[in-house]
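For reference, the structure is listed below as C-alpha coordinates.
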Amino acid sequence: MKFLNIPLFFLSYSSLVIASIGTIHPEYHLLTSPQGVPFTRKSHKFSAMKRDNNTGPGSMLQLSSDEDFHFEILRVLALAPYQGSDIGEVLVAANQIAPGEFESFYSAFNNLASRVHDVASAIDSHKYPVSARNALFRESTYYRSADFFLHGNWNDSRINSLWSKQLAAFDSAMALLPTPGERVTLQGKGFEIPAIFFGSGQPGPRPTIIMCNGYDGSQEEMYHAIGEAVIQRGMNVITFEGPGQPTVRRQQNIGFIPEWEQVVSPVIDYAISRCEVDAKKIGLWGQSFGGYLAPRAAAFDHRIAAVIAFDGIYSFAQAIFDQFGPQMVQLYESGNETEFNSIVSSLMADPSTPTSTRWAIEQGLWSFKTTSAFEWVKKVEQYTLDGIVQNITAPVFVADAQNDMFFTGQARELADKLGDRATYHLFENIDGAGEHCSLGAAVLSAQVVLDWFQEIISS
(Lines give C-alpha, C1' and ligand atoms only; values in the text may rest on other atoms or scores of the structure.)
Protein backbone atom coordinates (compact mmCIF):
# COMPACT_ATOMS: atom_id res chain seq x y z
CA MET A 1 0.00 0.00 0.00
CA LYS A 2 1.21 3.52 -0.54
CA PHE A 3 0.25 7.02 0.36
CA LEU A 4 0.39 10.65 -0.45
CA ASN A 5 3.72 12.17 -0.98
CA ILE A 6 4.61 15.50 -2.14
CA PRO A 7 7.94 16.17 -0.61
CA LEU A 8 8.50 12.97 -0.84
CA PHE A 9 3.08 7.86 -1.28
CA PHE A 10 0.42 6.90 0.65
CA LEU A 11 -0.59 4.57 1.93
CA SER A 12 -0.53 1.92 -0.48
CA TYR A 13 -0.09 -2.76 -1.89
CA SER A 14 -0.06 3.84 -0.20
CA SER A 15 3.08 10.29 3.68
CA LEU A 16 0.33 12.06 2.98
CA VAL A 17 1.47 15.34 1.89
CA ILE A 18 -1.66 17.12 2.46
CA ALA A 19 0.66 19.64 3.93
CA SER A 20 0.59 20.95 0.45
CA ILE A 21 -3.17 21.21 0.23
CA GLY A 22 -4.23 24.49 -1.25
CA THR A 23 -3.17 26.72 -4.13
CA ILE A 24 0.02 28.67 -4.49
CA HIS A 25 0.02 32.44 -4.49
CA PRO A 26 2.18 33.34 -7.50
CA GLU A 27 4.03 36.20 -5.80
CA TYR A 28 4.39 35.19 -2.18
CA HIS A 29 4.49 31.40 -2.52
CA LEU A 30 1.80 31.02 0.11
CA LEU A 31 -0.91 28.43 0.05
CA THR A 32 -4.35 29.99 -0.14
CA SER A 33 -7.75 28.42 0.20
CA PRO A 34 -10.53 29.16 -2.27
CA GLN A 35 -11.74 31.79 0.22
CA GLY A 36 -8.34 33.48 0.20
CA VAL A 37 -7.19 32.27 3.62
CA PRO A 38 -3.38 31.98 3.53
CA PHE A 39 -1.59 28.81 4.52
CA THR A 40 2.17 29.07 4.64
CA ARG A 41 4.16 25.99 3.81
CA LYS A 42 7.75 24.89 4.15
CA SER A 43 8.23 23.16 0.82
CA HIS A 44 8.26 24.62 -2.67
CA LYS A 45 5.73 24.45 -5.45
CA PHE A 46 4.01 21.30 -6.56
CA SER A 47 5.97 19.40 -9.13
CA ALA A 48 6.00 15.93 -10.58
CA MET A 49 8.05 14.22 -7.92
CA LYS A 50 11.05 12.40 -9.28
CA ARG A 51 14.11 10.78 -7.81
CA ASP A 52 16.77 11.04 -10.48
CA ASN A 53 18.73 8.00 -11.55
CA ASN A 54 22.23 8.07 -10.16
CA THR A 55 25.04 5.68 -9.42
CA GLY A 56 25.24 6.31 -5.69
CA PRO A 57 25.39 3.35 -3.32
CA GLY A 58 21.99 1.73 -3.03
CA SER A 59 20.33 3.86 -5.71
CA MET A 60 17.69 2.10 -7.78
CA LEU A 61 16.93 2.55 -11.46
CA GLN A 62 13.75 4.61 -11.77
CA LEU A 63 11.06 3.04 -13.94
CA SER A 64 9.12 6.26 -14.51
CA SER A 65 9.76 9.97 -14.01
CA ASP A 66 6.50 9.88 -12.02
CA GLU A 67 7.49 8.60 -8.58
CA ASP A 68 4.16 6.93 -7.88
CA PHE A 69 4.15 5.19 -11.25
CA HIS A 70 7.69 3.99 -10.57
CA PHE A 71 6.49 2.48 -7.31
CA GLU A 72 3.49 0.75 -8.87
CA ILE A 73 5.49 -0.64 -11.79
CA LEU A 74 8.08 -1.92 -9.34
CA ARG A 75 5.24 -3.43 -7.33
CA VAL A 76 4.21 -5.53 -10.32
CA LEU A 77 7.79 -6.56 -11.10
CA ALA A 78 8.27 -7.52 -7.45
CA LEU A 79 5.80 -10.38 -7.85
CA ALA A 80 7.92 -12.13 -10.48
CA PRO A 81 9.84 -14.46 -8.10
CA TYR A 82 6.62 -16.16 -7.04
CA GLN A 83 4.63 -16.48 -10.30
CA GLY A 84 2.94 -13.07 -10.14
CA SER A 85 4.47 -11.39 -13.19
CA ASP A 86 7.12 -11.67 -15.88
CA ILE A 87 9.76 -8.97 -16.10
CA GLY A 88 10.09 -8.39 -19.82
CA GLU A 89 6.40 -7.97 -20.59
CA VAL A 90 5.95 -5.61 -17.65
CA LEU A 91 8.81 -3.41 -18.86
CA VAL A 92 7.27 -3.32 -22.33
CA ALA A 93 3.95 -2.21 -20.82
CA ALA A 94 5.71 0.34 -18.61
CA ASN A 95 7.24 1.93 -21.69
CA GLN A 96 3.71 2.77 -22.88
CA ILE A 97 2.77 4.66 -19.71
CA ALA A 98 2.81 8.47 -19.79
CA PRO A 99 3.86 9.90 -16.40
CA GLY A 100 0.91 11.13 -14.38
CA GLU A 101 -1.76 9.92 -16.80
CA PHE A 102 -4.04 7.46 -15.00
CA GLU A 103 -5.74 6.32 -18.21
CA SER A 104 -2.36 5.58 -19.71
CA PHE A 105 -1.53 3.32 -16.77
CA TYR A 106 -4.87 1.56 -17.16
CA SER A 107 -4.45 1.04 -20.90
CA ALA A 108 -0.93 -0.34 -20.66
CA PHE A 109 -1.81 -2.98 -18.08
CA ASN A 110 -5.25 -3.77 -19.46
CA ASN A 111 -3.71 -4.43 -22.86
CA LEU A 112 -1.05 -6.62 -21.27
CA ALA A 113 -3.67 -8.52 -19.27
CA SER A 114 -5.72 -9.11 -22.41
CA ARG A 115 -2.70 -10.44 -24.29
CA VAL A 116 -1.77 -12.78 -21.47
CA HIS A 117 -5.42 -13.86 -21.21
CA ASP A 118 -5.28 -14.94 -24.85
CA VAL A 119 -2.08 -16.87 -24.16
CA ALA A 120 -3.59 -18.59 -21.13
CA SER A 121 -6.77 -19.47 -23.02
CA ALA A 122 -4.76 -21.24 -25.71
CA ILE A 123 -2.97 -23.53 -23.25
CA ASP A 124 -4.37 -27.00 -22.59
CA SER A 125 -4.33 -26.95 -18.80
CA HIS A 126 -4.77 -30.73 -18.60
CA LYS A 127 -1.57 -31.31 -20.55
CA TYR A 128 0.37 -28.28 -19.36
CA PRO A 129 -0.98 -27.26 -15.95
CA VAL A 130 2.15 -25.36 -14.91
CA SER A 131 2.19 -23.26 -18.06
CA ALA A 132 -1.52 -22.49 -17.72
CA ARG A 133 -1.16 -21.62 -14.03
CA ASN A 134 1.73 -19.26 -14.63
CA ALA A 135 -0.12 -17.40 -17.38
CA LEU A 136 -3.34 -17.16 -15.37
CA PHE A 137 -1.56 -15.78 -12.31
CA ARG A 138 0.10 -13.11 -14.46
CA GLU A 139 -3.20 -12.26 -16.13
CA SER A 140 -4.77 -11.73 -12.71
CA THR A 141 -1.94 -9.45 -11.58
CA TYR A 142 -2.18 -7.26 -14.67
CA TYR A 143 -5.95 -6.81 -14.39
CA ARG A 144 -5.44 -5.70 -10.78
CA SER A 145 -2.81 -3.23 -11.92
CA ALA A 146 -5.08 -1.85 -14.64
CA ASP A 147 -7.65 -1.04 -11.95
CA PHE A 148 -5.26 0.68 -9.57
CA PHE A 149 -5.73 4.35 -10.47
CA LEU A 150 -9.45 4.25 -11.36
CA HIS A 151 -11.07 4.84 -7.98
CA GLY A 152 -11.63 8.58 -8.34
CA ASN A 153 -14.90 7.87 -10.14
CA TRP A 154 -16.91 5.37 -8.10
CA ASN A 155 -19.30 4.90 -11.04
CA ASP A 156 -16.58 3.70 -13.40
CA SER A 157 -17.79 0.25 -14.45
CA ARG A 158 -14.21 -0.90 -14.94
CA ILE A 159 -13.71 -0.98 -11.15
CA ASN A 160 -15.93 -4.05 -11.01
CA SER A 161 -15.36 -5.56 -14.45
CA LEU A 162 -11.58 -5.64 -14.06
CA TRP A 163 -11.94 -7.13 -10.60
CA SER A 164 -14.18 -9.89 -11.86
CA LYS A 165 -11.56 -10.74 -14.47
CA GLN A 166 -8.72 -10.81 -11.95
CA LEU A 167 -10.71 -13.04 -9.59
CA ALA A 168 -11.63 -15.46 -12.37
CA ALA A 169 -8.04 -15.74 -13.58
CA PHE A 170 -6.69 -16.19 -10.06
CA ASP A 171 -9.26 -18.86 -9.23
CA SER A 172 -8.39 -20.79 -12.38
CA ALA A 173 -4.69 -20.51 -11.55
CA MET A 174 -4.88 -21.61 -7.94
CA ALA A 175 -6.96 -24.64 -8.96
CA LEU A 176 -3.82 -25.79 -10.80
CA LEU A 177 -1.51 -25.57 -7.79
CA PRO A 178 -0.09 -28.89 -6.50
CA THR A 179 -2.36 -28.33 -3.52
CA PRO A 180 -5.22 -26.22 -4.89
CA GLY A 181 -6.28 -23.12 -3.00
CA GLU A 182 -9.73 -23.14 -1.39
CA ARG A 183 -11.92 -20.04 -1.21
CA VAL A 184 -14.08 -19.76 1.89
CA THR A 185 -16.40 -17.08 3.24
CA LEU A 186 -16.23 -16.40 6.97
CA GLN A 187 -18.69 -14.46 9.08
CA GLY A 188 -17.70 -11.22 10.80
CA LYS A 189 -19.86 -8.82 12.79
CA GLY A 190 -22.13 -7.47 10.09
CA PHE A 191 -19.87 -8.38 7.18
CA GLU A 192 -18.39 -11.38 5.43
CA ILE A 193 -14.69 -12.15 5.23
CA PRO A 194 -13.44 -13.65 1.95
CA ALA A 195 -10.46 -15.91 2.60
CA ILE A 196 -8.34 -18.47 0.80
CA PHE A 197 -6.68 -21.52 2.37
CA PHE A 198 -3.44 -22.58 0.72
CA GLY A 199 -2.32 -25.93 2.12
CA SER A 200 1.33 -26.86 2.41
CA GLY A 201 0.71 -30.37 1.08
CA GLN A 202 2.72 -31.71 4.01
CA PRO A 203 1.34 -34.32 6.43
CA GLY A 204 0.11 -33.49 9.92
CA PRO A 205 -0.80 -30.16 11.52
CA ARG A 206 1.53 -27.48 10.16
CA PRO A 207 2.52 -23.94 11.17
CA THR A 208 0.27 -21.44 9.42
CA ILE A 209 0.50 -17.75 8.63
CA ILE A 210 -2.71 -15.79 8.16
CA MET A 211 -2.14 -12.61 6.21
CA CYS A 212 -3.83 -9.45 4.99
CA ASN A 213 -2.82 -6.64 2.72
CA GLY A 214 -3.26 -2.92 3.42
CA TYR A 215 -4.81 0.28 2.12
CA ASP A 216 -5.18 -0.78 -1.49
CA GLY A 217 -3.89 -4.34 -1.93
CA SER A 218 -5.76 -7.61 -2.37
CA GLN A 219 -5.42 -11.02 -0.80
CA GLU A 220 -4.58 -12.40 -4.24
CA GLU A 221 -1.49 -10.18 -4.34
CA MET A 222 -0.42 -11.56 -0.95
CA TYR A 223 0.00 -15.04 -2.44
CA HIS A 224 2.77 -13.75 -4.70
CA ALA A 225 4.22 -11.20 -2.28
CA ILE A 226 4.89 -13.74 0.48
CA GLY A 227 2.38 -16.61 0.46
CA GLU A 228 4.19 -18.89 -1.95
CA ALA A 229 7.44 -18.37 -0.04
CA VAL A 230 5.67 -19.56 3.12
CA ILE A 231 4.30 -22.66 1.38
CA GLN A 232 7.77 -23.52 0.05
CA ARG A 233 8.84 -23.81 3.69
CA GLY A 234 6.19 -26.41 4.47
CA MET A 235 3.70 -24.07 6.12
CA ASN A 236 0.08 -23.24 5.33
CA VAL A 237 -1.19 -19.83 4.31
CA ILE A 238 -4.59 -18.24 4.83
CA THR A 239 -5.12 -14.93 3.05
CA PHE A 240 -8.12 -12.76 3.83
CA GLU A 241 -9.71 -9.35 3.30
CA GLY A 242 -11.77 -7.18 5.60
CA PRO A 243 -13.92 -4.06 5.21
CA GLY A 244 -12.36 -1.39 3.01
CA GLN A 245 -10.19 -3.88 1.16
CA PRO A 246 -10.76 -4.55 -2.54
CA THR A 247 -13.26 -7.39 -2.73
CA VAL A 248 -15.22 -6.48 0.42
CA ARG A 249 -15.44 -2.84 -0.67
CA ARG A 250 -16.80 -3.88 -4.05
CA GLN A 251 -19.09 -6.75 -3.13
CA GLN A 252 -20.38 -5.56 0.25
CA ASN A 253 -19.99 -1.78 -0.10
CA ILE A 254 -18.24 -1.48 3.29
CA GLY A 255 -15.32 0.81 4.10
CA PHE A 256 -12.47 0.28 6.57
CA ILE A 257 -13.28 -0.31 10.24
CA PRO A 258 -10.81 0.38 13.07
CA GLU A 259 -11.74 -2.78 15.02
CA TRP A 260 -9.60 -5.07 12.88
CA GLU A 261 -9.75 -7.82 15.52
CA GLN A 262 -13.31 -8.35 14.32
CA VAL A 263 -11.79 -9.44 11.02
CA VAL A 264 -8.84 -11.44 12.34
CA SER A 265 -10.55 -13.45 15.10
CA PRO A 266 -12.96 -15.28 12.75
CA VAL A 267 -9.97 -16.14 10.54
CA ILE A 268 -8.16 -17.63 13.54
CA ASP A 269 -11.33 -19.54 14.45
CA TYR A 270 -11.37 -20.96 10.94
CA ALA A 271 -7.67 -21.79 11.01
CA ILE A 272 -7.83 -23.83 14.22
CA SER A 273 -10.87 -25.69 12.91
CA ARG A 274 -8.75 -27.25 10.17
CA CYS A 275 -6.81 -30.43 10.87
CA GLU A 276 -3.93 -29.18 8.71
CA VAL A 277 -3.24 -26.29 11.13
CA ASP A 278 -1.15 -26.43 14.29
CA ALA A 279 -3.17 -24.12 16.53
CA LYS A 280 -0.13 -23.23 18.64
CA LYS A 281 1.88 -22.07 15.64
CA ILE A 282 -0.26 -19.46 13.93
CA GLY A 283 1.39 -16.28 12.69
CA LEU A 284 -0.29 -13.05 11.59
CA TRP A 285 1.24 -11.03 8.73
CA GLY A 286 0.10 -7.48 7.95
CA GLN A 287 1.40 -5.84 4.76
CA SER A 288 1.84 -2.05 4.41
CA PHE A 289 -1.19 -0.47 6.16
CA GLY A 290 -1.64 -4.03 7.39
CA GLY A 291 1.48 -3.29 9.44
CA TYR A 292 -0.87 -1.33 11.67
CA LEU A 293 -3.92 -3.59 11.33
CA ALA A 294 -2.12 -6.78 12.39
CA PRO A 295 -0.67 -5.42 15.66
CA ARG A 296 -4.07 -3.87 16.41
CA ALA A 297 -5.73 -7.29 16.11
CA ALA A 298 -2.99 -8.94 18.18
CA ALA A 299 -3.78 -6.59 21.07
CA PHE A 300 -7.21 -8.23 21.35
CA ASP A 301 -6.68 -11.84 20.25
CA HIS A 302 -3.84 -13.63 22.02
CA ARG A 303 -4.04 -16.93 20.13
CA ILE A 304 -1.40 -15.63 17.70
CA ALA A 305 2.09 -17.07 18.18
CA ALA A 306 3.86 -14.25 16.33
CA VAL A 307 3.06 -11.07 14.42
CA ILE A 308 4.81 -9.66 11.36
CA ALA A 309 4.28 -5.93 10.79
CA PHE A 310 5.65 -5.40 7.28
CA ASP A 311 6.28 -2.48 7.52
CA GLY A 312 5.43 -1.50 11.08
CA ILE A 313 3.04 1.37 11.85
CA TYR A 314 2.27 2.59 15.36
CA SER A 315 -0.17 5.37 14.55
CA PHE A 316 -1.61 5.64 11.09
CA ALA A 317 -3.42 8.76 12.29
CA GLN A 318 -0.24 10.50 13.39
CA ALA A 319 1.54 9.56 10.18
CA ILE A 320 -1.17 11.41 8.26
CA PHE A 321 -1.29 14.45 10.53
CA ASP A 322 2.49 14.79 10.47
CA GLN A 323 2.21 15.40 6.74
CA PHE A 324 -0.67 17.86 6.86
CA GLY A 325 1.23 20.84 8.13
CA PRO A 326 0.05 22.90 11.10
CA GLN A 327 -2.36 25.15 9.17
CA MET A 328 -4.36 22.30 7.72
CA VAL A 329 -4.37 20.47 11.04
CA GLN A 330 -5.62 23.65 12.69
CA LEU A 331 -8.35 24.01 10.08
CA TYR A 332 -9.38 20.38 10.55
CA GLU A 333 -9.43 20.71 14.34
CA SER A 334 -11.58 23.83 14.05
CA GLY A 335 -14.30 21.61 12.62
CA ASN A 336 -14.73 23.69 9.46
CA GLU A 337 -15.64 20.81 7.18
CA THR A 338 -16.81 23.01 4.31
CA GLU A 339 -13.54 24.95 4.11
CA PHE A 340 -11.43 21.82 4.53
CA ASN A 341 -13.25 19.97 1.76
CA SER A 342 -13.12 23.01 -0.50
CA ILE A 343 -9.34 23.18 -0.25
CA VAL A 344 -8.99 19.46 -0.96
CA SER A 345 -11.31 19.77 -3.96
CA SER A 346 -9.20 22.62 -5.33
CA LEU A 347 -6.11 20.50 -4.90
CA MET A 348 -7.66 17.59 -6.77
CA ALA A 349 -8.72 19.87 -9.62
CA ASP A 350 -5.20 21.25 -10.05
CA PRO A 351 -3.46 19.37 -12.90
CA SER A 352 -0.07 20.05 -11.31
CA THR A 353 -0.98 18.07 -8.18
CA PRO A 354 1.34 15.05 -7.97
CA THR A 355 0.04 11.59 -8.80
CA SER A 356 0.69 10.36 -5.27
CA THR A 357 -1.54 13.04 -3.74
CA ARG A 358 -4.38 12.61 -6.21
CA TRP A 359 -4.33 8.84 -5.88
CA ALA A 360 -4.05 8.79 -2.08
CA ILE A 361 -7.06 11.03 -1.61
CA GLU A 362 -9.14 9.18 -4.20
CA GLN A 363 -8.23 5.81 -2.70
CA GLY A 364 -8.82 7.07 0.83
CA LEU A 365 -12.30 8.28 0.04
CA TRP A 366 -13.14 5.07 -1.82
CA SER A 367 -11.69 2.59 0.69
CA PHE A 368 -13.12 4.37 3.74
CA LYS A 369 -16.37 4.88 1.81
CA THR A 370 -16.92 8.59 2.19
CA THR A 371 -17.17 11.46 -0.26
CA SER A 372 -15.91 14.00 2.29
CA ALA A 373 -12.16 14.48 2.82
CA PHE A 374 -12.95 15.87 6.27
CA GLU A 375 -14.91 12.73 7.16
CA TRP A 376 -12.09 10.57 5.82
CA VAL A 377 -9.60 12.25 8.14
CA LYS A 378 -12.06 11.92 11.01
CA LYS A 379 -12.19 8.18 10.40
CA VAL A 380 -8.40 7.95 10.13
CA GLU A 381 -8.02 9.51 13.60
CA GLN A 382 -9.16 6.21 15.13
CA TYR A 383 -6.20 4.25 13.75
CA THR A 384 -3.62 4.40 16.53
CA LEU A 385 -2.20 1.88 18.99
CA ASP A 386 -2.21 4.42 21.81
CA GLY A 387 -3.72 2.80 24.88
CA ILE A 388 -3.69 -0.74 23.49
CA VAL A 389 -0.10 -1.51 22.45
CA GLN A 390 0.60 -2.80 25.95
CA ASN A 391 -1.98 -5.55 25.37
CA ILE A 392 0.08 -7.18 22.62
CA THR A 393 1.63 -10.31 24.12
CA ALA A 394 3.02 -12.09 21.05
CA PRO A 395 6.51 -11.40 19.70
CA VAL A 396 6.40 -8.95 16.81
CA PHE A 397 8.73 -8.68 13.81
CA VAL A 398 8.78 -4.98 12.95
CA ALA A 399 10.08 -4.41 9.44
CA ASP A 400 11.34 -1.02 8.34
CA ALA A 401 12.65 0.17 4.97
CA GLN A 402 15.49 2.64 4.63
CA ASN A 403 13.81 4.54 1.82
CA ASP A 404 10.20 4.25 3.04
CA MET A 405 8.65 7.50 1.92
CA PHE A 406 5.20 6.78 3.27
CA PHE A 407 5.54 6.08 7.01
CA THR A 408 8.92 7.43 8.01
CA GLY A 409 9.68 6.70 11.66
CA GLN A 410 6.56 4.67 12.30
CA ALA A 411 8.27 1.26 12.40
CA ARG A 412 10.89 2.50 14.82
CA GLU A 413 8.19 3.97 17.07
CA LEU A 414 6.23 0.71 17.06
CA ALA A 415 9.34 -1.25 17.99
CA ASP A 416 10.19 1.20 20.78
CA LYS A 417 6.67 0.99 22.21
CA LEU A 418 6.76 -2.81 22.14
CA GLY A 419 10.14 -3.01 23.83
CA ASP A 420 11.38 -6.57 24.36
CA ARG A 421 8.41 -7.97 22.44
CA ALA A 422 9.75 -6.49 19.17
CA THR A 423 12.41 -7.61 16.75
CA TYR A 424 13.22 -4.54 14.65
CA HIS A 425 14.85 -5.01 11.24
CA LEU A 426 15.85 -2.28 8.81
CA PHE A 427 15.91 -3.41 5.18
CA GLU A 428 18.51 -1.36 3.33
CA ASN A 429 18.86 0.33 -0.04
CA ILE A 430 22.15 -1.35 -0.82
CA ASP A 431 20.32 -4.71 -0.91
CA GLY A 432 17.57 -3.36 -3.15
CA ALA A 433 15.24 -3.69 -0.16
CA GLY A 434 14.90 -0.06 0.92
CA GLU A 435 11.54 0.69 -0.73
CA HIS A 436 8.27 0.59 1.22
CA CYS A 437 7.59 -3.05 2.14
CA SER A 438 11.01 -3.87 0.65
CA LEU A 439 9.39 -3.89 -2.77
CA GLY A 440 11.60 -5.67 -5.26
CA ALA A 441 13.38 -7.77 -2.64
CA ALA A 442 10.79 -10.49 -2.07
CA VAL A 443 13.29 -13.33 -1.81
CA LEU A 444 15.56 -11.51 0.65
CA SER A 445 12.73 -10.26 2.85
CA ALA A 446 11.11 -13.71 2.92
CA GLN A 447 14.41 -15.20 4.01
CA VAL A 448 14.83 -12.76 6.88
CA VAL A 449 11.25 -12.72 8.15
CA LEU A 450 10.38 -16.38 7.71
CA ASP A 451 13.63 -17.54 9.31
CA TRP A 452 12.66 -15.39 12.30
CA PHE A 453 9.15 -16.86 12.37
CA GLN A 454 10.46 -20.42 12.23
CA GLU A 455 12.81 -19.65 15.13
CA ILE A 456 9.91 -18.27 17.17
CA ILE A 457 7.61 -21.24 16.68
CA SER A 458 10.40 -23.78 17.18
CA SER A 459 11.23 -22.33 20.58
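Following the order of the C-alpha coordinates, first chain is A, next is B, and so on, with residues numbered from 1 inside each chain and ligands from 1 in the order they appear.
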
Could you give me, as a VMD selection string, the residues within 6 Å of Leu136 of chain A, counting only C-alpha atoms and dropping anything in the same chain fewer than 3 positions from it?
chain A and resid 120 133 139 169 173

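Going from atom CA of Glu103 of chain A over to atom CA of Gly84 of chain A, you cover 22.7 Å.
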
Test item: residues at most 10 Å from Thr393 of chain A, only C-alpha atoms, excluding those fewer than 5 positions along its chain, as a VMD selection string
chain A and resid 298 to 307 418 421

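Counting from atom CA of Glu221 of chain A, the distance to atom CA of Leu439 of chain A is 12.7 Å.
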
Who sits within 9 Å of Cys437 of chain A, only C-alpha atoms, same chain under 2 positions skipped, as a PyMOL selection string
chain A and resi 1+13+287-288+310-311+399-401+404+427+433-435+439-441+445
